[in-house]
Amino acid sequence: MKNICFIAIAVIISSCSPESSSKQLGPLPTASFTVTPMEGKPYKMIVKSTTNGGFLWRWNYRDTRVAVRETDTLSFAKQGEYPIQFTVFTDGGYATTSQNVTVTADAPVADILKGGDMEAGSEQYWTLLNTGGTQTSIQVTNGVMQFGNTGDSNGAIYQKLKVIPGREYTFSGDVKGTGATNTWFEVYFGTKAPAQGSDYSGTGVTKYIALNTWSGCGLVPFDGNLAEIGCDGDGKGKGGTMVFAGSDTTVYMVIKAGSAGGNLGTGITLDNVKFMEEQ
């Protein structure tokens, strides 16, 4: 019986021998590319792979931006020096290289927010949101939007915006106050529509930038661009810039303020709110 088993195993092994092939892997590639400013639009750069035999290309730039064509166009919102990383795949493997590019002009932008100047009548563009519990006082007066309370409260305003995924946007807004205690002043962006009587949070909602006394800002007098002086949120240190991923074209800007065991001091004012879209 053992001899029969050995013969059967030998036959199986013989039948599983690898097939012969004349296909050979190519040599490892060397990644290289050229960068040329677009005529009349120096904030756009045309990149072109100069590596032969590529079948997949990836351009990484501006932190989270990605392009995937052999010849592609990369857009930059602000003038300055930026690194571009390029990876190419061939039948011999892949290779990566990078080089810096100098952008000599800012890209044109447009403010897609309405009523951000907080002049009389601007309140028509904002919807007051009750987030549950005692409502923070929010009103447009004397050319600013005033947020105030004398104790525990919460409340928000919001505006619906149309955006283009993959395009860069920049938030800014002037905030001023004499100092607060146990207080938050937050800007959210989300694809979820706000609902009266509910706090704005959860799936599809991001706290972008905030004054937060527990995190160390807003305790003493302040006056500046919230995108710059905010000490909390995913957008901290990003100068107000953001890019929306996915396929959603509707987002909600929600500005929320309140206190727990404290107050907003003599009040926090908001003015010159802008949401700039690169063109």
# chains A, B, ... in the order shown; residues from 1 in each chain; ligands from 1
$ closest_atom_pairs --of "range 99-198 of chain A" --to "range 253-269 of chain A" --cutoff "10 Å" --atoms "only C-alpha atoms" --output "tab-separated table"
residue	atom	partner	partner_atom	distance
A:Leu113	CA	A:Met253	CA	9.5
A:Trp126	CA	A:Val254	CA	9.6
A:Thr127	CA	A:Val254	CA	9.4
A:Leu128	CA	A:Val254	CA	9.8
A:Leu129	CA	A:Lys256	CA	8.7
A:Asn130	CA	A:Lys256	CA	9.9
A:Thr131	CA	A:Lys256	CA	8.9
A:Thr134	CA	A:Gly258	CA	9.4
A:Gln135	CA	A:Gly258	CA	8.5
A:Thr136	CA	A:Gly258	CA	6.2
A:Ser137	CA	A:Gly258	CA	9.3
A:Ile138	CA	A:Ala257	CA	9.1
A:Gln139	CA	A:Thr269	CA	9.7
A:Val140	CA	A:Thr269	CA	9.3
A:Thr141	CA	A:Thr269	CA	9.6
A:Gly143	CA	A:Thr269	CA	9.7
A:Val144	CA	A:Thr269	CA	6.1
A:Met145	CA	A:Thr269	CA	5.5
A:Gln146	CA	A:Thr269	CA	4.6
A:Phe147	CA	A:Ile268	CA	5.2
A:Gly148	CA	A:Gly267	CA	4.5
A:Asn149	CA	A:Leu264	CA	6.0
A:Thr150	CA	A:Asn263	CA	5.6
A:Gly151	CA	A:Asn263	CA	5.0
A:Asp152	CA	A:Ala260	CA	4.8
A:Ser153	CA	A:Gly258	CA	5.1
A:Asn154	CA	A:Gly258	CA	4.1
A:Gly155	CA	A:Lys256	CA	5.6
A:Ala156	CA	A:Lys256	CA	4.1
A:Ile157	CA	A:Ile255	CA	5.4
A:Tyr158	CA	A:Val254	CA	4.3
A:Gln159	CA	A:Met253	CA	5.4
A:Lys160	CA	A:Met253	CA	6.5
A:Leu161	CA	A:Met253	CA	7.3
A:Phe171	CA	A:Met253	CA	9.9
A:Asp174	CA	A:Thr269	CA	7.9
A:Val175	CA	A:Thr269	CA	5.5
A:Lys176	CA	A:Thr269	CA	5.3
A:Gly177	CA	A:Ile268	CA	4.7
A:Thr178	CA	A:Gly265	CA	6.4
A:Gly179	CA	A:Gly265	CA	5.7
A:Ala180	CA	A:Gly265	CA	4.6
A:Thr181	CA	A:Gly262	CA	4.9
A:Asn182	CA	A:Gly262	CA	4.9
A:Thr183	CA	A:Ser259	CA	4.3
A:Trp184	CA	A:Ala257	CA	5.5
A:Phe185	CA	A:Ala257	CA	4.4
A:Glu186	CA	A:Lys256	CA	5.1
A:Val187	CA	A:Ile255	CA	4.5
A:Tyr188	CA	A:Val254	CA	5.0
A:Phe189	CA	A:Met253	CA	4.9
A:Gly190	CA	A:Met253	CA	7.0
A:Thr191	CA	A:Met253	CA	9.3
A:Ala193	CA	A:Val254	CA	9.9
A:Pro194	CA	A:Val254	CA	8.3
$ residues_around --residues "Tyr82 in chain A" --least-positions-apart "2" --cutoff "7 Å" --atoms "only C-alpha atoms" --output "list of chain:residue names"
A:Gly80, A:Ile84, A:Asn100, A:Val101, A:Thr102
$ closest_residue --among "A:Asp223, A:Glu119, A:Glu70, A:Asp63" --to "Phe33 in chain A" --atoms "only C-alpha atoms"
A:Glu70
$ select_by_dssp --residues "range 9-253 of chain A" --states "strand (DSSP E)" --output "JSON, numbers by chain"
{"A": [33, 34, 35, 36, 37, 38, 41, 42, 43, 44, 45, 46, 47, 48, 49, 56, 57, 58, 59, 60, 61, 65, 66, 67, 71, 72, 73, 74, 75, 80, 81, 82, 83, 84, 85, 86, 87, 88, 89, 90, 93, 94, 95, 96, 97, 98, 99, 100, 101, 102, 103, 109, 110, 111, 127, 128, 129, 137, 138, 139, 140, 141, 144, 145, 146, 147, 148, 153, 154, 155, 156, 157, 158, 159, 160, 161, 162, 168, 169, 170, 171, 172, 173, 174, 175, 176, 177, 181, 182, 183, 184, 185, 186, 187, 188, 189, 190, 205, 206, 207, 208, 209, 210, 211, 212, 222, 223, 224, 225, 241, 242, 243, 250, 251, 252, 253]}
$ residues_around --residues "Gly166 in chain A" --least-positions-apart "2" --cutoff "10 Å" --atoms "only C-alpha atoms" --output "PDB file with N, CA, C and O atoms, in the first residue's frame"
ATOM      1  N   THR A  64      -2.703  66.768   0.420  1.00  0.00           N
ATOM      2  CA  THR A  64      -3.660  65.680   0.198  1.00  0.00           C
ATOM      3  C   THR A  64      -4.132  65.566  -1.237  1.00  0.00           C
ATOM      4  O   THR A  64      -4.986  64.731  -1.544  1.00  0.00           O
ATOM      5  N   ARG A  65      -3.603  66.369  -2.135  1.00  0.00           N
ATOM      6  CA  ARG A  65      -4.077  66.347  -3.513  1.00  0.00           C
ATOM      7  C   ARG A  65      -3.356  65.266  -4.306  1.00  0.00           C
ATOM      8  O   ARG A  65      -2.158  65.029  -4.142  1.00  0.00           O
ATOM      9  N   VAL A  66      -4.092  64.614  -5.206  1.00  0.00           N
ATOM     10  CA  VAL A  66      -3.540  63.526  -6.014  1.00  0.00           C
ATOM     11  C   VAL A  66      -4.034  63.669  -7.452  1.00  0.00           C
ATOM     12  O   VAL A  66      -5.201  63.965  -7.689  1.00  0.00           O
ATOM     13  N   VAL A 163     -20.392  73.069  -3.173  1.00  0.00           N
ATOM     14  CA  VAL A 163     -18.948  72.965  -3.349  1.00  0.00           C
ATOM     15  C   VAL A 163     -18.622  71.979  -4.472  1.00  0.00           C
ATOM     16  O   VAL A 163     -19.473  71.203  -4.903  1.00  0.00           O
ATOM     17  N   ILE A 164     -17.377  72.028  -4.912  1.00  0.00           N
ATOM     18  CA  ILE A 164     -16.877  71.117  -5.939  1.00  0.00           C
ATOM     19  C   ILE A 164     -15.805  70.241  -5.301  1.00  0.00           C
ATOM     20  O   ILE A 164     -14.756  70.755  -4.873  1.00  0.00           O
ATOM     21  N   GLU A 168      -9.996  73.601  -3.816  1.00  0.00           N
ATOM     22  CA  GLU A 168      -9.595  74.146  -2.525  1.00  0.00           C
ATOM     23  C   GLU A 168     -10.491  75.310  -2.110  1.00  0.00           C
ATOM     24  O   GLU A 168     -10.850  76.165  -2.919  1.00  0.00           O
ATOM     25  N   TYR A 169     -10.830  75.333  -0.818  1.00  0.00           N
ATOM     26  CA  TYR A 169     -11.631  76.404  -0.232  1.00  0.00           C
ATOM     27  C   TYR A 169     -10.882  76.956   0.981  1.00  0.00           C
ATOM     28  O   TYR A 169     -10.119  76.242   1.634  1.00  0.00           O
ATOM     29  N   MET A 242      -9.113  74.015   2.973  1.00  0.00           N
ATOM     30  CA  MET A 242      -9.670  72.661   3.036  1.00  0.00           C
ATOM     31  C   MET A 242     -10.045  72.206   1.634  1.00  0.00           C
ATOM     32  O   MET A 242     -10.246  73.012   0.726  1.00  0.00           O
ATOM     33  N   VAL A 243     -10.140  70.884   1.482  1.00  0.00           N
ATOM     34  CA  VAL A 243     -10.569  70.258   0.235  1.00  0.00           C
ATOM     35  C   VAL A 243     -11.601  69.205   0.594  1.00  0.00           C
ATOM     36  O   VAL A 243     -11.378  68.392   1.489  1.00  0.00           O
ATOM     37  N   PHE A 244     -12.731  69.216  -0.088  1.00  0.00           N
ATOM     38  CA  PHE A 244     -13.776  68.234   0.171  1.00  0.00           C
ATOM     39  C   PHE A 244     -13.574  67.028  -0.734  1.00  0.00           C
ATOM     40  O   PHE A 244     -13.439  67.163  -1.950  1.00  0.00           O
ATOM     41  N   ALA A 245     -13.551  65.842  -0.131  1.00  0.00           N
ATOM     42  CA  ALA A 245     -13.381  64.606  -0.882  1.00  0.00           C
ATOM     43  C   ALA A 245     -14.755  64.003  -1.175  1.00  0.00           C
ATOM     44  O   ALA A 245     -15.792  64.526  -0.774  1.00  0.00           O
ATOM     45  N   GLY A 246     -14.761  62.872  -1.870  1.00  0.00           N
ATOM     46  CA  GLY A 246     -16.015  62.189  -2.153  1.00  0.00           C
ATOM     47  C   GLY A 246     -16.780  62.849  -3.283  1.00  0.00           C
ATOM     48  O   GLY A 246     -16.222  63.592  -4.090  1.00  0.00           O
ATOM     49  N   SER A 247     -18.091  62.615  -3.304  1.00  0.00           N
ATOM     50  CA  SER A 247     -18.920  63.118  -4.400  1.00  0.00           C
ATOM     51  C   SER A 247     -19.988  64.106  -3.934  1.00  0.00           C
ATOM     52  O   SER A 247     -20.748  64.620  -4.750  1.00  0.00           O
TER      53      SER A 247
END
$ closest_residue --among "A:Val88, A:Thr170, A:Gly237, A:Ala67" --to "Ala110 in chain A" --atoms "only C-alpha atoms"
A:Thr170
